[in-house]
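**Student:** Have a look at this one before I ask anything.
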Amino acid sequence: MKGLQGKVAIVTGASSGIGQGIAKRLGSGGAKIIVDYVGKPEGAEETVRAIKDAGGDAEIVEADVTSTDAVHGLVNAAWSVFGSADILVNNAGMEKESAFWDTTEADYDKVMAVNLRGPFFLAQAFVRRLRDAKKPGQIINISSVHEDMAFPGFATYCASKGGLRMLMRDLAVELGPLGITVNNVAPGAIATPINKSLLENEAELDALVANIPLGRMGTPEDVAGLVAFLASDDGAYITGSTFVVDGGLMRNYREQ
């Protein structure tokens with residue numbers, strides 16, 4: 001991809017699923033990758049091996065995006081190891097199912113901390129370094145079709161992704177004069193470890209796929225290709241937008 005060579009990208013939640021796919025794609029395209037993870041390092045190590053096997057370079061950093069100290073450390077690590085940070089991919093996310101009337105304060109706080117607070121303060125740390133160095137950059141948030149589409153039983157998730165949509169729009173305007181673009185990529189149903197129970201339930205899977213005009217779930221690679229485009233020189237004049245990657249799901253979805 002034109003314009004990725006020599007850039008440095010921070011990818012949160014890069015040890016599995018969509019984040020891993022994005023890190024591999026950017027790394028194989030010539031970007032140096034900071035592979036962020038939380039918990040067990042095996043997935044992050046697998047991501048780094050794949051990037052290096054493709055001729056790229058990557059470094060593992062464990063950082064919980066809900067910790068302000070950790071996100072500052074993550075950005076500082078990119079500058080320390082690779083001398084810069086040009087691309088931020090806010091991918092780390094979580095969901096917690098519960099009826100609205102049963103949702104606990106703890107679950108609400110956790111979902112918001114990972115999905116909205118984390119991207120806010122990580123982007124802030126990322127932008128401060130770019131501003132001080134007078135460098136342009138790209139922020140790409142991995143949102144969801146549920147930044148716009150209702151998802152009964154997941155009010156916290158929808159609220160966090162809706163907030164991420166408005167944050168993206170606001171920052172695109174505020175940061176544009178600094179040469180920093182901000183966009184969201186909104187996946188639909190993607191085959192990742194977070195959907196393990198769905199993938200193993202044939203009836204539920206068939207019902208979902210019936211709502212997808214392209215007739216299949218997406219893959220991390222489907223999402224990663226769009227992220228690579230937005231991070232490349234070809235995406236330099238794009239900011240303030242959400243790009244849906246869902247096989248047509250939003251246009252055809254019906255609650256069962």
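Residues in the structure tokens are named by chain (A, B, ... in the order shown) and by number from 1 within that chain; ligands are numbered from 1 in the order shown.
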Would you tabulate, counting only C-alpha atoms, all residues of stretch 25-93 of chain A that have an atom at most 12 Å from an atom of stretch 188-210 of chain A, showing the closest pair of atoms and their distance in Å to one decimal, sorted by chain then ascending number, as JSON lines?
**Tutor:**
```
{"residue": "A:Gly43", "atom": "CA", "partner": "A:Pro193", "partner_atom": "CA", "distance": 11.6}
{"residue": "A:Ala92", "atom": "CA", "partner": "A:Ile194", "partner_atom": "CA", "distance": 11.9}
{"residue": "A:Gly93", "atom": "CA", "partner": "A:Ile194", "partner_atom": "CA", "distance": 10.2}
```
**Student:** Compare A:Thr181, A:Gly240, A:Phe120, A:Thr156 by their minimum atom-to-atom distance to A:Arg169, counting only C-alpha atoms, and give me the closest one.
**Tutor:**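 Checking each candidate against A:Arg169, we get A:Gly240 as the closest.
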**Student:** Excluding A:Glu97 and its own-chain neighbours fewer than 2 positions away, which residues fall within 12 Å of it when counting only C-alpha atoms? Please give them as a VMD selection string.
**Tutor:** chain A and resid 94 to 95 99 to 104 107 to 108 111 151 to 158
**Student:** Save out the residues we just selected, N, CA and C atoms, as a tab-separated table (two decimals), in the first residue's frame.
**Tutor:**
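Wrote result-v1.tsv, looks like this:
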```tsv
chain	number	residue	atom	x	y	z
A	94	MET	N	-14.83	-4.16	23.82
A	94	MET	CA	-15.51	-5.26	24.50
A	94	MET	C	-17.01	-5.01	24.47
A	95	GLU	N	-17.77	-6.07	24.71
A	95	GLU	CA	-19.22	-5.94	24.84
A	95	GLU	C	-19.67	-6.78	26.02
A	99	ALA	N	-29.95	-7.20	29.79
A	99	ALA	CA	-31.14	-6.37	29.61
A	99	ALA	C	-30.87	-5.00	30.23
A	100	PHE	N	-31.42	-3.97	29.65
A	100	PHE	CA	-31.17	-2.61	30.14
A	100	PHE	C	-31.44	-2.50	31.64
A	101	TRP	N	-32.55	-3.07	32.10
A	101	TRP	CA	-32.93	-2.92	33.50
A	101	TRP	C	-32.06	-3.74	34.45
A	102	ASP	N	-31.25	-4.64	33.91
A	102	ASP	CA	-30.35	-5.43	34.74
A	102	ASP	C	-28.90	-4.97	34.66
A	103	THR	N	-28.59	-3.99	33.82
A	103	THR	CA	-27.20	-3.57	33.62
A	103	THR	C	-26.65	-2.94	34.89
A	104	THR	N	-25.50	-3.42	35.32
A	104	THR	CA	-24.89	-2.91	36.54
A	104	THR	C	-24.00	-1.71	36.24
A	107	ASP	N	-20.57	-2.93	35.03
A	107	ASP	CA	-20.51	-3.32	33.62
A	107	ASP	C	-20.54	-2.10	32.71
A	108	TYR	N	-21.38	-1.14	33.04
A	108	TYR	CA	-21.44	0.11	32.27
A	108	TYR	C	-20.06	0.79	32.25
A	111	VAL	N	-17.37	-1.20	30.06
A	111	VAL	CA	-17.56	-1.07	28.61
A	111	VAL	C	-17.18	0.33	28.14
A	151	PHE	N	-29.16	-2.50	19.01
A	151	PHE	CA	-28.73	-3.86	19.34
A	151	PHE	C	-29.29	-4.19	20.72
A	152	PRO	N	-30.59	-4.57	20.80
A	152	PRO	CA	-31.21	-4.82	22.11
A	152	PRO	C	-30.40	-5.78	22.96
A	153	GLY	N	-30.24	-5.44	24.23
A	153	GLY	CA	-29.44	-6.25	25.14
A	153	GLY	C	-28.00	-5.78	25.25
A	154	PHE	N	-27.63	-4.80	24.44
A	154	PHE	CA	-26.26	-4.30	24.44
A	154	PHE	C	-26.26	-2.77	24.45
A	155	ALA	N	-27.05	-2.20	25.35
A	155	ALA	CA	-27.18	-0.73	25.40
A	155	ALA	C	-25.84	-0.06	25.69
A	156	THR	N	-25.03	-0.65	26.56
A	156	THR	CA	-23.74	-0.04	26.89
A	156	THR	C	-22.83	-0.02	25.67
A	157	TYR	N	-22.82	-1.11	24.93
A	157	TYR	CA	-21.98	-1.21	23.73
A	157	TYR	C	-22.42	-0.17	22.70
A	158	CYS	N	-23.72	-0.09	22.45
A	158	CYS	CA	-24.23	0.87	21.47
A	158	CYS	C	-23.92	2.30	21.89
```
**Student:** Which parts of stretch 76-227 of chain A does DSSP call strand (DSSP E) when run on the backbone here, written out as a ChimeraX atom specification?
**Tutor:** /A:87-90,137-142,180-187
**Student:** Can you write out the residues you just picked, keeping N, CA and C atoms, as an mmCIF file, in the first residue's frame?
**Tutor:**
```cif
data_model
loop_
_atom_site.group_PDB
_atom_site.id
_atom_site.type_symbol
_atom_site.label_atom_id
_atom_site.label_comp_id
_atom_site.auth_asym_id
_atom_site.auth_seq_id
_atom_site.Cartn_x
_atom_site.Cartn_y
_atom_site.Cartn_z
ATOM 1 N N ILE A 87 0.465 6.532 13.013
ATOM 2 C CA ILE A 87 -0.869 5.971 12.855
ATOM 3 C C ILE A 87 -1.314 5.386 14.193
ATOM 4 N N LEU A 88 -2.514 5.705 14.610
ATOM 5 C CA LEU A 88 -3.107 5.092 15.798
ATOM 6 C C LEU A 88 -4.365 4.361 15.383
ATOM 7 N N VAL A 89 -4.413 3.071 15.669
ATOM 8 C CA VAL A 89 -5.619 2.280 15.427
ATOM 9 C C VAL A 89 -6.212 1.896 16.783
ATOM 10 N N ASN A 90 -7.302 2.555 17.144
ATOM 11 C CA ASN A 90 -8.014 2.256 18.392
ATOM 12 C C ASN A 90 -8.936 1.065 18.139
ATOM 13 N N GLY A 137 -0.672 12.971 11.051
ATOM 14 C CA GLY A 137 -0.918 11.600 11.488
ATOM 15 C C GLY A 137 -2.322 11.157 11.163
ATOM 16 N N GLN A 138 -2.590 9.890 11.451
ATOM 17 C CA GLN A 138 -3.917 9.312 11.215
ATOM 18 C C GLN A 138 -4.409 8.600 12.464
ATOM 19 N N ILE A 139 -5.654 8.853 12.825
ATOM 20 C CA ILE A 139 -6.329 8.102 13.881
ATOM 21 C C ILE A 139 -7.468 7.331 13.224
ATOM 22 N N ILE A 140 -7.475 6.022 13.431
ATOM 23 C CA ILE A 140 -8.532 5.169 12.878
ATOM 24 C C ILE A 140 -9.136 4.378 14.024
ATOM 25 N N ASN A 141 -10.402 4.631 14.300
ATOM 26 C CA ASN A 141 -11.105 3.926 15.364
ATOM 27 C C ASN A 141 -11.880 2.750 14.781
ATOM 28 N N ILE A 142 -11.751 1.586 15.405
ATOM 29 C CA ILE A 142 -12.579 0.452 15.007
ATOM 30 C C ILE A 142 -13.856 0.530 15.832
ATOM 31 N N ILE A 180 -3.947 16.091 11.009
ATOM 32 C CA ILE A 180 -4.289 14.786 11.577
ATOM 33 C C ILE A 180 -5.690 14.403 11.125
ATOM 34 N N THR A 181 -5.809 13.269 10.452
ATOM 35 C CA THR A 181 -7.118 12.776 10.023
ATOM 36 C C THR A 181 -7.682 11.813 11.061
ATOM 37 N N VAL A 182 -9.001 11.766 11.151
ATOM 38 C CA VAL A 182 -9.685 10.899 12.110
ATOM 39 C C VAL A 182 -10.879 10.261 11.416
ATOM 40 N N ASN A 183 -10.928 8.941 11.409
ATOM 41 C CA ASN A 183 -12.023 8.212 10.777
ATOM 42 C C ASN A 183 -12.388 6.987 11.605
ATOM 43 N N ASN A 184 -13.600 6.495 11.400
ATOM 44 C CA ASN A 184 -14.049 5.243 12.014
ATOM 45 C C ASN A 184 -14.237 4.180 10.945
ATOM 46 N N VAL A 185 -13.898 2.957 11.290
ATOM 47 C CA VAL A 185 -14.253 1.793 10.489
ATOM 48 C C VAL A 185 -15.241 0.983 11.317
ATOM 49 N N ALA A 186 -16.407 0.698 10.742
ATOM 50 C CA ALA A 186 -17.497 0.064 11.481
ATOM 51 C C ALA A 186 -17.772 -1.332 10.937
ATOM 52 N N PRO A 187 -17.182 -2.359 11.538
ATOM 53 C CA PRO A 187 -17.452 -3.730 11.084
ATOM 54 C C PRO A 187 -18.848 -4.185 11.487
#
```
**Student:** Write out as a ChimeraX atom specification all residues of stretch 42-197 of chain A that DSSP puts in alpha helix (DSSP H) for this structure's backbone.
**Tutor:** /A:42-53,68-82,105-112,118-133,155-175,196-197
**Student:** Next, write the just-selected residues to a file, as an mmCIF file, in the first residue's frame, keeping C-alpha atoms as the atom set.
**Tutor:**
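New file part_31.cif:
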```
data_model
loop_
_atom_site.group_PDB
_atom_site.id
_atom_site.type_symbol
_atom_site.label_atom_id
_atom_site.label_comp_id
_atom_site.auth_asym_id
_atom_site.auth_seq_id
_atom_site.Cartn_x
_atom_site.Cartn_y
_atom_site.Cartn_z
ATOM 1 C CA GLU A 42 0.903 -15.639 23.073
ATOM 2 C CA GLY A 43 -1.388 -13.927 20.575
ATOM 3 C CA ALA A 44 0.787 -10.820 20.467
ATOM 4 C CA GLU A 45 3.838 -12.983 19.861
ATOM 5 C CA GLU A 46 2.010 -14.682 16.988
ATOM 6 C CA THR A 47 1.214 -11.263 15.491
ATOM 7 C CA VAL A 48 4.841 -10.175 15.670
ATOM 8 C CA ARG A 49 6.073 -13.427 14.111
ATOM 9 C CA ALA A 50 3.686 -12.998 11.178
ATOM 10 C CA ILE A 51 4.819 -9.409 10.619
ATOM 11 C CA LYS A 52 8.500 -10.328 10.753
ATOM 12 C CA ASP A 53 7.947 -13.326 8.478
ATOM 13 C CA THR A 68 -4.190 6.717 31.494
ATOM 14 C CA ASP A 69 -0.641 5.909 32.602
ATOM 15 C CA ALA A 70 -0.625 2.844 30.364
ATOM 16 C CA VAL A 71 -1.760 4.718 27.251
ATOM 17 C CA HIS A 72 0.907 7.354 27.766
ATOM 18 C CA GLY A 73 3.426 4.547 28.119
ATOM 19 C CA LEU A 74 2.153 2.967 24.911
ATOM 20 C CA VAL A 75 2.671 6.146 22.887
ATOM 21 C CA ASN A 76 6.035 6.794 24.501
ATOM 22 C CA ALA A 77 7.111 3.249 23.647
ATOM 23 C CA ALA A 78 6.466 3.881 19.948
ATOM 24 C CA TRP A 79 8.631 6.986 20.003
ATOM 25 C CA SER A 80 11.320 5.262 22.060
ATOM 26 C CA VAL A 81 11.521 2.078 19.965
ATOM 27 C CA PHE A 82 10.816 3.411 16.471
ATOM 28 C CA GLU A 105 -22.871 0.209 37.138
ATOM 29 C CA ALA A 106 -19.688 -1.871 37.046
ATOM 30 C CA ASP A 107 -20.505 -3.325 33.624
ATOM 31 C CA TYR A 108 -21.435 0.111 32.273
ATOM 32 C CA ASP A 109 -18.182 1.610 33.536
ATOM 33 C CA LYS A 110 -16.072 -1.221 32.115
ATOM 34 C CA VAL A 111 -17.558 -1.073 28.615
ATOM 35 C CA MET A 112 -17.273 2.714 28.487
ATOM 36 C CA GLY A 118 -9.565 4.460 26.257
ATOM 37 C CA PRO A 119 -9.654 5.778 22.675
ATOM 38 C CA PHE A 120 -10.188 9.342 23.963
ATOM 39 C CA PHE A 121 -7.112 9.469 26.164
ATOM 40 C CA LEU A 122 -4.923 7.345 23.913
ATOM 41 C CA ALA A 123 -5.727 9.677 21.015
ATOM 42 C CA GLN A 124 -4.930 12.615 23.272
ATOM 43 C CA ALA A 125 -1.503 11.228 24.154
ATOM 44 C CA PHE A 126 -0.856 10.384 20.494
ATOM 45 C CA VAL A 127 -1.864 13.870 19.297
ATOM 46 C CA ARG A 128 0.213 15.677 21.898
ATOM 47 C CA ARG A 129 3.381 13.999 20.627
ATOM 48 C CA LEU A 130 2.479 14.747 17.006
ATOM 49 C CA ARG A 131 1.662 18.370 17.823
ATOM 50 C CA ASP A 132 4.959 18.879 19.639
ATOM 51 C CA ALA A 133 6.872 17.319 16.733
ATOM 52 C CA ALA A 155 -27.178 -0.733 25.403
ATOM 53 C CA THR A 156 -23.741 -0.037 26.888
ATOM 54 C CA TYR A 157 -21.983 -1.210 23.729
ATOM 55 C CA CYS A 158 -24.231 0.868 21.468
ATOM 56 C CA ALA A 159 -23.803 3.953 23.648
ATOM 57 C CA SER A 160 -20.025 3.590 23.640
ATOM 58 C CA LYS A 161 -19.847 3.194 19.861
ATOM 59 C CA GLY A 162 -22.278 6.052 19.297
ATOM 60 C CA GLY A 163 -20.032 8.192 21.477
ATOM 61 C CA LEU A 164 -17.021 7.095 19.451
ATOM 62 C CA ARG A 165 -18.767 8.237 16.265
ATOM 63 C CA MET A 166 -19.338 11.745 17.638
ATOM 64 C CA LEU A 167 -15.822 11.882 19.086
ATOM 65 C CA MET A 168 -14.410 11.040 15.657
ATOM 66 C CA ARG A 169 -16.438 13.768 13.978
ATOM 67 C CA ASP A 170 -15.453 16.379 16.540
ATOM 68 C CA LEU A 171 -11.749 15.507 16.460
ATOM 69 C CA ALA A 172 -11.689 15.498 12.661
ATOM 70 C CA VAL A 173 -12.632 19.187 12.785
ATOM 71 C CA GLU A 174 -10.416 20.113 15.734
ATOM 72 C CA LEU A 175 -7.332 18.230 14.560
ATOM 73 C CA LYS A 196 -16.880 -18.188 19.163
ATOM 74 C CA SER A 197 -20.246 -19.191 20.683
#
```
**Student:** For A:Leu226, work out the shell of residues within 10 Å, counting only C-alpha atoms and skipping chain neighbours fewer than 2 positions away, then give it as a ChimeraX atom specification.
**Tutor:** /A:22,185,221-224,228-232,235,243-245
**Student:** In terms of the shortest atom-to-atom distance over only C-alpha atoms, which of A:Pro177, A:Gly248, A:Gly17, A:Pro41 is closest to A:Arg216?
**Tutor:** A:Gly248
**Student:** Would you work out the distance separating atom CA of A:Val61 from atom CA of A:Ala9, expressed in Å to one decimal?
**Tutor:** 12.4 Å
**Student:** Compare A:Gly13, A:Gly6, A:Gly29, A:Gly55 by their minimum atom-to-atom distance to A:Gly83, counting only C-alpha atoms, and give me the closest one.
**Tutor:** A:Gly6
**Student:** Nearest residue to A:Lys24 out of A:Val38, A:Val114, A:Ala150, A:Val227, using only C-alpha atoms?
**Tutor:** A:Val227
**Student:** Considering only C-alpha atoms, state which residue in the set A:Ile34, A:Leu178, A:Ile18, A:Leu249 is at the smallest distance from A:Ser143.
**Tutor:**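 For A:Ser143, the nearest of the candidates is A:Ile18.
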